[in-house]
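Undergrad: The structure's right below; bear with me while I get my questions together.
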Amino acid sequence: MEGQGYREHLVFGLDIGTRSLVGTVGYKENDRDFKVVAQCVKEHETRAMLDGQIHDIPKVSESIKYIKSTLEKQIGRKLTDVCIAAAGRVLKTITVNVDYEFPSETVIMEEHIHSLEMLGVEKAYDEIREETKEESSDYYCVGYSAVRYYLNNYAMTNLEGHKAGKIGIELLATFLPDEVIDSLYIAVEKAGLSVASLTLEPIAAINIAIPEKFRLLNIALIDVGAGTSDISITKDGSIIAYGMIPYAGDEITENIARNYLVEFNSAEKIKAACLKKRAISYKDIMGISHKVMPEEVLHSVEDIVHRITKGIADKIIELNGGKSVSAVFVVGGGGKIPSFVTSLAKHLGLPKDRVALRGAEVLNDIEILQPGIKKDPLIVTPIGICLNFYNQNNNFITVMVNNERVKLYDNSRLTIADAALHVGFPNEKLFSR
């Protein structure tokens with residue numbers, strides 16, 4: 001993504017959401033600061049996505065093309081690669097423990113840690129294949145986190161530089177079915193882009209919203225989108241769990257549509273207008289004009305907000321070992337409805353001030369160079385997707401085997417045999433005769 005106007009290498013991140021797409025272009029100036037040079041938002045013209053899953057690939061691809069061309073005009077250069085994230089729909093997580101013994105005492109280098117993590121990912125793959133062998137779908141790893149490292153059986157936060165005869169890892173790997181990943185790749189490729197990195201939306205969000213210095217605390221991060229509410233939980237310095245529930249902001253919009261007899265897009269505008277303290281004007285499907293106060297709309301959606309926040313609270317408690325967390329950060333547009341954080345606090349048994357909508361507070365290291373963009377909960381995940389490019393550890397590569405397109409998890413040690421076995425080539429025929 002080289003061009004004129006910016007000397008720095010630019011990263012293009014794309015948040016392909018259920019209601020809208022957010023494209024962000026920026027660059028990292030040092031180890032911490034990220035500068036956003038351009039951003040573009042486009043709402044889906046139809047319900048091309050539901051619950052974080054692409055249903056209409058051509059429509060989504062057209063929207064990606066629009067984002068791409070708009071950003072290219074803003075920055076004055078071509079965009080060829082894009083970083084994306086998958087929603088946690090049908091998410092499966094596996095926690096594994098792996099050890100590696102050296103022949104003799106060895107100083108641990110970065111490549112040793114990477115190899116150890118790859119052993120963990122491979123073990124998680126074996127377990128997910130065994131767990132899902134009755135299903136027709138293959139599962140792909142879309143991200144992993146080191147819960148804990150071990151140095152000669154002692155827990156350690158960072159192994160690099162230490163001397164040991166044995167190292168180990170407790171690793172949390174996340175998997176999604178191939179159809180979820182494939183639809184994202186196809187939509188992106190139809191728009192003339194290549195995937196530079198792939199992550200999970202809650203991983204992208206948590207890397208900004210809950211920095212490592214806060215992860216000693218038992219905190220939940222909720223990314224409330226339109227179709228899914230993605231959950232991640234930290235404790236004792238690590239991310240300990242990911243999860244999701246398949247309902248979020250769209251359920252509130254659908255409820256407004258039914259209550260006020262309007263089509264979906266009009267209901268979305270009514271919902272957004274609830275953030276302003278003035279009368280909302282709209283026309284129903286009969287063509288009759290109405291005015292309604294935000295308080296009345298909020299009262300009409302109390303039950304659905306209660307149901308969504310109850311589902312999120314129950315999932316948090318389940319992921320956190322049967323108990324509530326100490327605090328909750330909420331990001332994403334779906335959580336901006338005024339009663340959302342209050343209701344969630346109630347269901348988790350937390351004081352109101354322990355559940356908060358996060359926007360500008362977690363974007364201190366982000367500088368937005370484009371005028372007119374404010375730091376808001378909506379842009380936390382898109383910027384997190386960009387930042388994942390600098391710390392990517394979950395990429396796929398695409399190869400052709402006998403004219404068949406195959407996507408493989410890149411563990412840095414792939415061979416032709418891996419590709420052949422992936423398409424079902426008999427193991428015994430790999431040996432020369």
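Chain lettering (A, B, ...) mirrors the order of the structure tokens, residue numbering begins at 1 for each chain separately, and ligand numbering begins at 1 in order of display.
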Name the residues in contact with region 155-163 of chain A at a cut-off of 9 Å, using only C-alpha atoms, excluding same-chain residues fewer than 3 positions from it; report them as a PyMOL selection string.
TA: chain A and resi 105-110+112-113+148-152+167-169+237
Undergrad: Write out as a list in words the residues lying within 10 Å of Glu212 (chain A), counting only C-alpha atoms and excluding same-chain residues fewer than 5 positions away.
TA: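 Skipping anything fewer than 5 positions along the chain leaves Ile206, Asn207, Leu217, Thr234, Gly237, Ser238 and Ile239 of chain A.
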Undergrad: Next, the residues of the selection above should be written as a PDB file, in the first residue's frame with N, CA and C atoms.
TA:
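Now in selection_9.pdb:
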```pdb
ATOM      1  N   ILE A 206     -10.684  -5.972  22.131  1.00  0.00           N
ATOM      2  CA  ILE A 206     -10.067  -6.041  23.466  1.00  0.00           C
ATOM      3  C   ILE A 206      -8.637  -5.502  23.443  1.00  0.00           C
ATOM      4  N   ASN A 207      -7.954  -5.615  22.304  1.00  0.00           N
ATOM      5  CA  ASN A 207      -6.577  -5.127  22.230  1.00  0.00           C
ATOM      6  C   ASN A 207      -6.497  -3.612  22.372  1.00  0.00           C
ATOM      7  N   LEU A 217      -7.108  -7.645  36.216  1.00  0.00           N
ATOM      8  CA  LEU A 217      -8.458  -7.541  36.770  1.00  0.00           C
ATOM      9  C   LEU A 217      -9.418  -8.428  35.987  1.00  0.00           C
ATOM     10  N   THR A 234     -11.056 -10.975  30.749  1.00  0.00           N
ATOM     11  CA  THR A 234      -9.668 -11.017  31.207  1.00  0.00           C
ATOM     12  C   THR A 234      -9.605 -11.345  32.698  1.00  0.00           C
ATOM     13  N   GLY A 237      -4.005 -11.267  34.255  1.00  0.00           N
ATOM     14  CA  GLY A 237      -3.054 -10.863  33.235  1.00  0.00           C
ATOM     15  C   GLY A 237      -3.279 -11.439  31.856  1.00  0.00           C
ATOM     16  N   SER A 238      -4.343 -12.255  31.682  1.00  0.00           N
ATOM     17  CA  SER A 238      -4.564 -12.916  30.393  1.00  0.00           C
ATOM     18  C   SER A 238      -6.029 -12.800  29.969  1.00  0.00           C
ATOM     19  N   ILE A 239      -6.251 -13.043  28.680  1.00  0.00           N
ATOM     20  CA  ILE A 239      -7.623 -13.215  28.181  1.00  0.00           C
ATOM     21  C   ILE A 239      -7.980 -14.675  28.429  1.00  0.00           C
TER      22      ILE A 239
END
```
Undergrad: Write out as a ChimeraX atom specification which residues come within 9 Å of Asp81 (chain A) when counting only C-alpha atoms, dropping same-chain ones fewer than 2 positions away.
TA: /A:1,11-13,79,83,192-197
Undergrad: From the set A:Gly165, A:Gly332, A:Gly120, A:Pro246, which residue has the shortest atom-to-atom contact distance to Gly359 (chain A), counting only C-alpha atoms?
TA: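 Looking only at the distances to Gly359 (chain A), the closest residue turns out to be A:Gly332.
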Undergrad: Give me, as a Markdown table, the closest atom pair and its distance (Å, one decimal) for every residue of region 227-293 of chain A within a cut-off of 8 Å of region 91-102 of chain A, counting only C-alpha atoms, rows sorted by chain and rising number.
TA:
```
| residue | atom | partner | partner_atom | distance |
| --- | --- | --- | --- | --- |
| A:Ala241 | CA | A:Thr93 | CA | 7.9 |
| A:Tyr242 | CA | A:Thr93 | CA | 7.2 |
| A:Gly243 | CA | A:Leu91 | CA | 6.8 |
| A:Met244 | CA | A:Leu91 | CA | 7.3 |
```
Undergrad: Where in region 196-350 of chain A does DSSP assign strand (DSSP E or B), given as a PyMOL selection string?
TA: chain A and resi 196-200+219-224+229-235+238-245+280-283+289-292+327-331
Undergrad: Between A:Cys141, A:Ala38, A:Ile304, A:Ala420, which residue has the minimum interatomic distance to Ser339 (chain A), considering only C-alpha atoms?
TA: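 Using only C-alpha atoms, Ser339 (chain A) sits closest to A:Ile304.
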Undergrad: Could you write out, as a PyMOL selection string, all the residues of region 168-293 of chain A that DSSP marks as alpha helix (DSSP H)?
TA: chain A and resi 178-190+201-209+249-260+264-273
Undergrad: Name the closest residue to Ser183 (chain A) among the candidates A:Asp56, A:Glu318, A:Asp126, A:Asp365; distances are taken between atoms, counting only C-alpha atoms.
TA: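 Distance minimum relative to Ser183 (chain A) lands on A:Asp56.
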Undergrad: Tell me, in Å to one decimal, how far CA of Ile308 (chain A) is from CA of Val224 (chain A).
TA: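 Distance between the two atoms: 10.1 Å.
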Undergrad: Residues at most 10 Å from Ile181 (chain A), counting only C-alpha atoms, excluding those fewer than 2 positions away in the same chain, as a ChimeraX atom specification?
TA: /A:53-54,85-87,139-142,176-179,183-186,198
Undergrad: Which neighbours of region 280-282 of chain A fall inside 10 Å, counting only C-alpha atoms, when residues of the same chain fewer than 5 positions from it are skipped, and could you give them as a PyMOL selection string?
TA: chain A and resi 260+262+266-267+269-271+273-274+287-294+297
